[in-house]
Amino acid sequence: MRDFPIQQEQNPDQDVLSENDTDHMSELSQRREKSVSVLLCWIRRRFVWIGQIFRRHIRFLLIMLGAFWGVVFESLRVSSWRRSVRYEFVSTTNSIIRGGLFATVFTGVLTGVAAVSQVIYWLGFAGLATMTGSVLINIVVREIAPILVGVLLLGRNGILSTTELGLLVMNGEIRSMQAMGIDPFLLLILPRTLAFTVGGFTLGILFSCASLITGYVMSRISGVITAPVWTFFSNLMSAVSPLDYVAIPLNFIIVGFVVGLGGCLTGLTATNQDTLRSLLPRSFSRGLLIVMLVSVLFSLDL
Amino acid sequence: MKISFTGPLLELKNAVPSFEESGLPPVPFNMRLMPGDCVFIDIHDISRATMLADVCSGLVPLESGSVQFMGFDWCRLNEKEVNSLRGRIGRITKRRSWPDFMPVHMAIMLQQLYHTTISQETLLFDAAVLSEEFGLPGLPMLNPNSMSAMDLHRANCVRALLGRPQLLLLEDPMRDASRELIDAFLRAITRARDYGAGVVWLASGNAMRKYYQQGVTSALRFTDNGFVTVRMG
């Protein structure tokens with residue numbers, strides 16, 4: 001093993017350092033300390049800068065994650081379900097389901113005409129009629145339905161929630177609620193998010209049924225299918241895997257949940273500098289991003 | 001839940017409100033309000049009255065001192081306890097407080113539905129009685145934007161007095177009010193004081209105090225140096 005000389009080792013010949021050397025060394029050590037502290041300061045500033053950018057960009061995501069846990073946690077506590085919270089839940093659920101029923105069924109019918117009947121026709125034309133069930137389940141029910149229902153929820157009710165809650169914040173009504181001892185999270189975020197969840201599931205199932213039934217009816221009228229409706233749906237059901245029985249409803253539920261949570265939080269995190277001009281586009285782009293993100297996550301074969 | 005306490009209902013002990021949060025002068029404020037008392041505070045700027053009422057309800061952080069309500073220091077309570085205590089305060093505020101998406105009758109009962117277990121029928125009945133007392137034809141079922149400013153003010157009085165609040169924080173409650181509304185209001189706060197509620201009446205000038213001269217237990221003036229006691233009589 002090679003021995004390296006130790007640089008700091010004192011020269012035996014130099015028993016006593018001259019005064020100049022001592023000053024020089026202390027100056028050097030001070031300079032070194034100074035440069036180290038400058039470097040540390042620089043690194044710290046860089047970390048702060050990176051942290052600021054990171055926090056600014058993912059702030060909303062972090063708020064979403066926190067609120068996600070908050071909604072799940074609070075919804076399991078009996079004391080959270082006060083009468084005013086129940087009232088808000090019921091009125092929002094009614095508004096989402098009743099208000100969105102026609103638009104969802106109509107969109108489902110259009111999808112049935114435009115997509116389902118075409119899929120049935122072209123698969124039959126290509127001699128792949130046996131694949132009709134799995135293609136419809138995978139494309140219409142698993143992919144198209146959550147996105148369209150999510151967009152409908154966002155457009156009809158998500159942006160409405162953003163506007164309502166944003167105005168509450170900007171006009172100071174939230175402060176008045178706090179003065180009455182009412183927690184805005186419990187009164188507004190919790191029931192509305194859960195109402196969106198119920199709405200997402202209900203409208204998603206209705207959309208899927210409307211599109212598949214319309215597709216069958218159109219194909220039957222045009223003579224592409226001759227089998228009765230029971231056989232058609234039996235073929236569809238045989239294409240549904242056990243995992244799909246969980247994944248498809250879960251997809252609708254999660255889409256509803258995140259659209260509701262995102263809309264409410266965008267409104268509630270509005271500041272006094274915000275106006276509807278800035279709030280609504282933000283809500284729409286965030287909501288669309290969330291819907292697409294959830295859809296992509298569910299499309300991955302994890 | 002019944003809270004038993006002795007001593008003042010509301011007490012400001014050298015409470016210095018945060019200037020950044022409230023815009024109030026950062027000087028110590030002192031005030032004691034016993035159950036059944038009515039303190040009149042002469043305050044010129046009504047936005048400051050709102051902030052002062054916020055200080056009394058523990059919404060404004062303090063730089064020093066304390067604000068105690070029913071014997072509890074707002075700063076020492078957790079969020080749920082704070083909310084629960086605020087549920088015992090009836091307030092007439094100049095700040096907007098009517099959500100557009102909620103009909104007025106629900107907004108009137110909201111605080112009671114949130115904090116109490118009083119049946120909805122009882123609340124509806126009590127609210128309807130108070131509404132008629134304050135000159136409304138009945139409990140308003142409209143949305144707030146369909147109601148006139150004066151009717152909303154009457155609804156504000158109903159909401160503040162519904163459910164037997166322990167403390168009434170009133171921000172210039174009777175400005176531009178008719179004589180009938182003033183009489184009804186004074187009757188209602190006298191009733192509230194009879195069961196032990198304290199009243200903090202924030203208003204500019206002494207005009208309103210003259211209507212309730214015999215009822216006011218103490219009068220203060222809000223200045224940049226804190227409260228100054230005003231001689232009554």
# chains A, B, ... in the order shown; residues from 1 in each chain; ligands from 1
call {"tool": "interface_residues", "arguments": {"of": "chain B", "to": "chain A", "cutoff": "8 Å", "atoms": "only C-alpha atoms", "output": "PyMOL selection string"}}
result
chain B and resi 54+57+59+82-87+89-91+95-101+110-111+113-115
call {"tool": "select_by_dssp", "arguments": {"residues": "region 186-274 of chain A", "states": "helix (DSSP H, G or I)", "output": "JSON, numbers by chain"}}
result
{"A": [186, 187, 188, 189, 190, 191, 192, 193, 194, 195, 196, 197, 198, 199, 200, 201, 202, 203, 204, 205, 206, 207, 208, 209, 210, 211, 212, 213, 214, 215, 216, 217, 218, 219, 220, 221, 222, 229, 230, 231, 232, 233, 234, 235, 236, 237, 238, 242, 243, 244, 245, 246, 247, 248, 249, 250, 251, 252, 253, 254, 255, 256, 257, 258, 259, 260, 261, 262, 263, 264, 265, 266, 267, 268]}
call {"tool": "residues_around", "arguments": {"residues": "Ala247 (chain A)", "least_positions_apart": "6", "cutoff": "12 Å", "atoms": "only C-alpha atoms", "output": "PyMOL selection string"}}
result
chain A and resi 137-138+141-143+146+201+240-241+253-255+294-295+297-302
call {"tool": "residues_around", "arguments": {"residues": "region 24-30 of chain B", "least_positions_apart": "4", "cutoff": "7 Å", "atoms": "only C-alpha atoms", "output": "short mmCIF file (atom, residue, chain, number, x, y, z; two decimals) with N, CA and C atoms, in the first residue's frame"}}
result
data_model
loop_
_atom_site.label_atom_id
_atom_site.label_comp_id
_atom_site.auth_asym_id
_atom_site.auth_seq_id
_atom_site.Cartn_x
_atom_site.Cartn_y
_atom_site.Cartn_z
N LEU B 12 -61.89 41.46 25.96
CA LEU B 12 -60.68 41.80 25.22
C LEU B 12 -59.68 42.30 26.24
N LYS B 13 -58.56 41.55 26.38
CA LYS B 13 -57.55 41.93 27.38
C LYS B 13 -56.30 42.38 26.63
N ASN B 14 -56.10 43.67 26.56
CA ASN B 14 -54.93 44.21 25.85
C ASN B 14 -54.76 43.56 24.48
N ALA B 15 -55.83 43.34 23.81
CA ALA B 15 -55.78 42.64 22.52
C ALA B 15 -55.26 43.59 21.44
N VAL B 16 -54.12 43.23 20.87
CA VAL B 16 -53.54 44.04 19.79
C VAL B 16 -53.76 43.28 18.48
N PRO B 17 -54.69 43.72 17.64
CA PRO B 17 -54.93 42.97 16.40
C PRO B 17 -53.81 43.16 15.39
N SER B 18 -53.61 42.14 14.58
CA SER B 18 -52.58 42.22 13.54
C SER B 18 -52.98 43.30 12.53
N PHE B 19 -52.09 44.24 12.32
CA PHE B 19 -52.40 45.34 11.38
C PHE B 19 -52.49 44.81 9.95
N ARG B 48 -64.05 49.21 9.48
CA ARG B 48 -63.34 48.91 10.71
C ARG B 48 -64.26 48.20 11.71
N ASP B 224 -57.84 55.72 17.35
CA ASP B 224 -56.56 55.12 16.96
C ASP B 224 -55.72 54.71 18.16
N ASN B 225 -56.15 55.11 19.34
CA ASN B 225 -55.43 54.70 20.56
C ASN B 225 -56.18 53.62 21.33
N GLY B 226 -57.17 53.05 20.73
CA GLY B 226 -57.96 52.01 21.39
C GLY B 226 -59.35 52.52 21.72
N PHE B 227 -59.99 51.87 22.70
CA PHE B 227 -61.33 52.31 23.09
C PHE B 227 -61.24 53.43 24.12
#
call {"tool": "residues_around", "arguments": {"residues": "Arg286 (chain A)", "least_positions_apart": "5", "cutoff": "10 Å", "atoms": "only C-alpha atoms", "output": "ChimeraX atom specification"}}
result
/A:60,154,259,262-263,266,280-281,291-292
call {"tool": "select_by_dssp", "arguments": {"residues": "chain B", "states": "strand (DSSP E)", "output": "ChimeraX atom specification"}}
result
/B:10-17,29-33,38-42,62-69,72-73,89-92,167-171,198-203,218-223,226-230
call {"tool": "write_last_selection", "arguments": {"atoms": "C-alpha atoms", "output": "tab-separated table (two decimals), in the first residue's frame"}}
result
chain	number	residue	atom	x	y	z
B	10	LEU	CA	-66.65	38.54	25.94
B	11	GLU	CA	-63.41	40.01	27.13
B	12	LEU	CA	-60.68	41.80	25.22
B	13	LYS	CA	-57.55	41.93	27.38
B	14	ASN	CA	-54.93	44.21	25.85
B	15	ALA	CA	-55.78	42.64	22.52
B	16	VAL	CA	-53.54	44.04	19.79
B	17	PRO	CA	-54.93	42.97	16.40
B	29	PHE	CA	-58.05	47.08	23.07
B	30	ASN	CA	-59.79	46.38	26.35
B	31	MET	CA	-63.45	45.58	26.82
B	32	ARG	CA	-65.60	43.45	29.11
B	33	LEU	CA	-69.10	42.36	28.25
B	38	CYS	CA	-75.15	45.86	25.76
B	39	VAL	CA	-72.06	47.82	24.81
B	40	PHE	CA	-72.35	50.55	22.22
B	41	ILE	CA	-69.18	51.30	20.25
B	42	ASP	CA	-69.10	54.51	18.27
B	62	LEU	CA	-53.51	39.00	17.60
B	63	GLU	CA	-50.03	40.36	18.05
B	64	SER	CA	-50.46	40.25	21.80
B	65	GLY	CA	-53.15	40.06	24.45
B	66	SER	CA	-56.20	37.85	24.28
B	67	VAL	CA	-59.84	37.74	23.30
B	68	GLN	CA	-62.00	35.43	25.38
B	69	PHE	CA	-65.53	34.36	24.60
B	72	PHE	CA	-62.38	30.50	26.20
B	73	ASP	CA	-59.39	32.18	24.59
B	89	ILE	CA	-72.64	34.21	17.82
B	90	GLY	CA	-75.37	35.98	15.92
B	91	ARG	CA	-74.05	38.64	13.63
B	92	ILE	CA	-75.38	41.38	11.43
B	167	LEU	CA	-73.50	37.04	21.66
B	168	LEU	CA	-74.82	39.51	19.12
B	169	LEU	CA	-72.29	41.39	17.02
B	170	LEU	CA	-74.19	44.11	15.23
B	171	GLU	CA	-72.51	46.28	12.62
B	198	GLY	CA	-74.55	40.01	25.28
B	199	VAL	CA	-74.79	42.68	22.61
B	200	VAL	CA	-71.96	44.56	20.93
B	201	TRP	CA	-73.52	47.35	18.88
B	202	LEU	CA	-71.08	48.96	16.47
B	203	ALA	CA	-72.36	52.10	14.80
B	218	SER	CA	-71.69	51.10	28.48
B	219	ALA	CA	-70.57	53.20	25.56
B	220	LEU	CA	-67.13	53.30	24.00
B	221	ARG	CA	-65.56	55.24	21.17
B	222	PHE	CA	-63.17	53.56	18.77
B	223	THR	CA	-60.05	55.69	18.31
B	226	GLY	CA	-57.96	52.01	21.39
B	227	PHE	CA	-61.33	52.31	23.09
B	228	VAL	CA	-62.23	55.46	24.96
B	229	THR	CA	-65.07	55.31	27.45
B	230	VAL	CA	-67.89	57.71	26.67
call {"tool": "closest_residue", "arguments": {"among": "B:Met102, B:Thr217, B:Gly71, B:Lys94", "to": "Ser146 (chain B)", "atoms": "only C-alpha atoms"}}
result
B:Met102
call {"tool": "residues_around", "arguments": {"residues": "Phe106 (chain A)", "least_positions_apart": "3", "cutoff": "12 Å", "atoms": "only C-alpha atoms", "output": "list in words"}}
result
Gly100, Leu101, Phe102, Ala103, Val109, Leu110, Thr111, Gly112, Val113, Leu148, Val149, Leu152, Leu203, Leu206, Phe207, Ser208, Cys209, Ala210, Ser211 and Thr214 of chain A
call {"tool": "write_last_selection", "arguments": {"atoms": "N, CA and C atoms", "output": "JSON list (two decimals), in the first residue's frame"}}
result
[["chain", "number", "residue", "atom", "x", "y", "z"],
["A", 100, "GLY", "N", -77.92, 17.08, -15.94],
["A", 100, "GLY", "CA", -77.05, 16.51, -16.97],
["A", 100, "GLY", "C", -77.65, 15.31, -17.68],
["A", 101, "LEU", "N", -78.85, 14.89, -17.23],
["A", 101, "LEU", "CA", -79.43, 13.66, -17.77],
["A", 101, "LEU", "C", -79.66, 13.74, -19.28],
["A", 102, "PHE", "N", -80.34, 14.78, -19.71],
["A", 102, "PHE", "CA", -80.68, 14.89, -21.13],
["A", 102, "PHE", "C", -79.42, 15.01, -21.98],
["A", 103, "ALA", "N", -78.51, 15.88, -21.56],
["A", 103, "ALA", "CA", -77.29, 16.10, -22.34],
["A", 103, "ALA", "C", -76.48, 14.81, -22.44],
["A", 109, "VAL", "N", -76.58, 8.83, -27.32],
["A", 109, "VAL", "CA", -77.29, 8.45, -28.55],
["A", 109, "VAL", "C", -76.43, 8.81, -29.77],
["A", 110, "LEU", "N", -75.87, 10.00, -29.75],
["A", 110, "LEU", "CA", -75.02, 10.43, -30.87],
["A", 110, "LEU", "C", -73.80, 9.52, -31.01],
["A", 111, "THR", "N", -73.23, 9.15, -29.88],
["A", 111, "THR", "CA", -72.08, 8.24, -29.91],
["A", 111, "THR", "C", -72.51, 6.88, -30.45],
["A", 112, "GLY", "N", -73.71, 6.46, -30.07],
["A", 112, "GLY", "CA", -74.23, 5.18, -30.59],
["A", 112, "GLY", "C", -74.37, 5.21, -32.09],
["A", 113, "VAL", "N", -74.88, 6.33, -32.60],
["A", 113, "VAL", "CA", -75.06, 6.45, -34.06],
["A", 113, "VAL", "C", -73.70, 6.56, -34.75],
["A", 148, "LEU", "N", -66.05, 11.63, -22.30],
["A", 148, "LEU", "CA", -67.20, 12.48, -22.64],
["A", 148, "LEU", "C", -68.01, 12.84, -21.40],
["A", 149, "VAL", "N", -68.20, 11.87, -20.52],
["A", 149, "VAL", "CA", -68.96, 12.18, -19.28],
["A", 149, "VAL", "C", -68.18, 13.19, -18.43],
["A", 152, "LEU", "N", -68.62, 16.56, -20.02],
["A", 152, "LEU", "CA", -69.97, 17.07, -19.76],
["A", 152, "LEU", "C", -70.11, 17.55, -18.31],
["A", 203, "LEU", "N", -74.19, 9.05, -14.52],
["A", 203, "LEU", "CA", -74.22, 9.52, -15.91],
["A", 203, "LEU", "C", -73.36, 8.64, -16.81],
["A", 206, "LEU", "N", -75.39, 5.58, -17.62],
["A", 206, "LEU", "CA", -76.47, 5.97, -18.54],
["A", 206, "LEU", "C", -75.93, 6.22, -19.95],
["A", 207, "PHE", "N", -74.79, 6.88, -20.00],
["A", 207, "PHE", "CA", -74.17, 7.16, -21.30],
["A", 207, "PHE", "C", -73.83, 5.85, -22.01],
["A", 208, "SER", "N", -73.23, 4.92, -21.29],
["A", 208, "SER", "CA", -72.82, 3.65, -21.90],
["A", 208, "SER", "C", -74.04, 2.91, -22.42],
["A", 209, "CYS", "N", -75.10, 2.84, -21.58],
["A", 209, "CYS", "CA", -76.33, 2.13, -22.00],
["A", 209, "CYS", "C", -76.93, 2.81, -23.22],
["A", 210, "ALA", "N", -77.02, 4.14, -23.19],
["A", 210, "ALA", "CA", -77.64, 4.88, -24.31],
["A", 210, "ALA", "C", -76.87, 4.63, -25.60],
["A", 211, "SER", "N", -75.55, 4.68, -25.53],
["A", 211, "SER", "CA", -74.76, 4.53, -26.76],
["A", 211, "SER", "C", -74.85, 3.11, -27.30],
["A", 214, "THR", "N", -78.45, 2.47, -28.68],
["A", 214, "THR", "CA", -78.64, 3.18, -29.95],
["A", 214, "THR", "C", -77.86, 2.50, -31.07]]
call {"tool": "residues_around", "arguments": {"residues": "Ala197 (chain B)", "least_positions_apart": "4", "cutoff": "7 Å", "atoms": "only C-alpha atoms", "output": "ChimeraX atom specification"}}
result
/B:35-36,165-167,192-193
call {"tool": "atom_distance", "arguments": {"atom1": "CA of Pro173 (chain B)", "atom2": "CA of Met51 (chain B)"}}
result
15.3 Å
call {"tool": "closest_residue", "arguments": {"among": "A:Leu212, A:Val38, A:Ile50, A:Met170", "to": "Gln118 (chain A)", "atoms": "only C-alpha atoms"}}
result
A:Leu212
call {"tool": "atom_distance", "arguments": {"atom1": "CA of Gly135 (chain B)", "atom2": "CA of Val158 (chain B)"}}
result
10.4 Å
call {"tool": "atom_distance", "arguments": {"atom1": "CA of Ala195 (chain A)", "atom2": "CA of Gly70 (chain A)"}}
result
15.4 Å
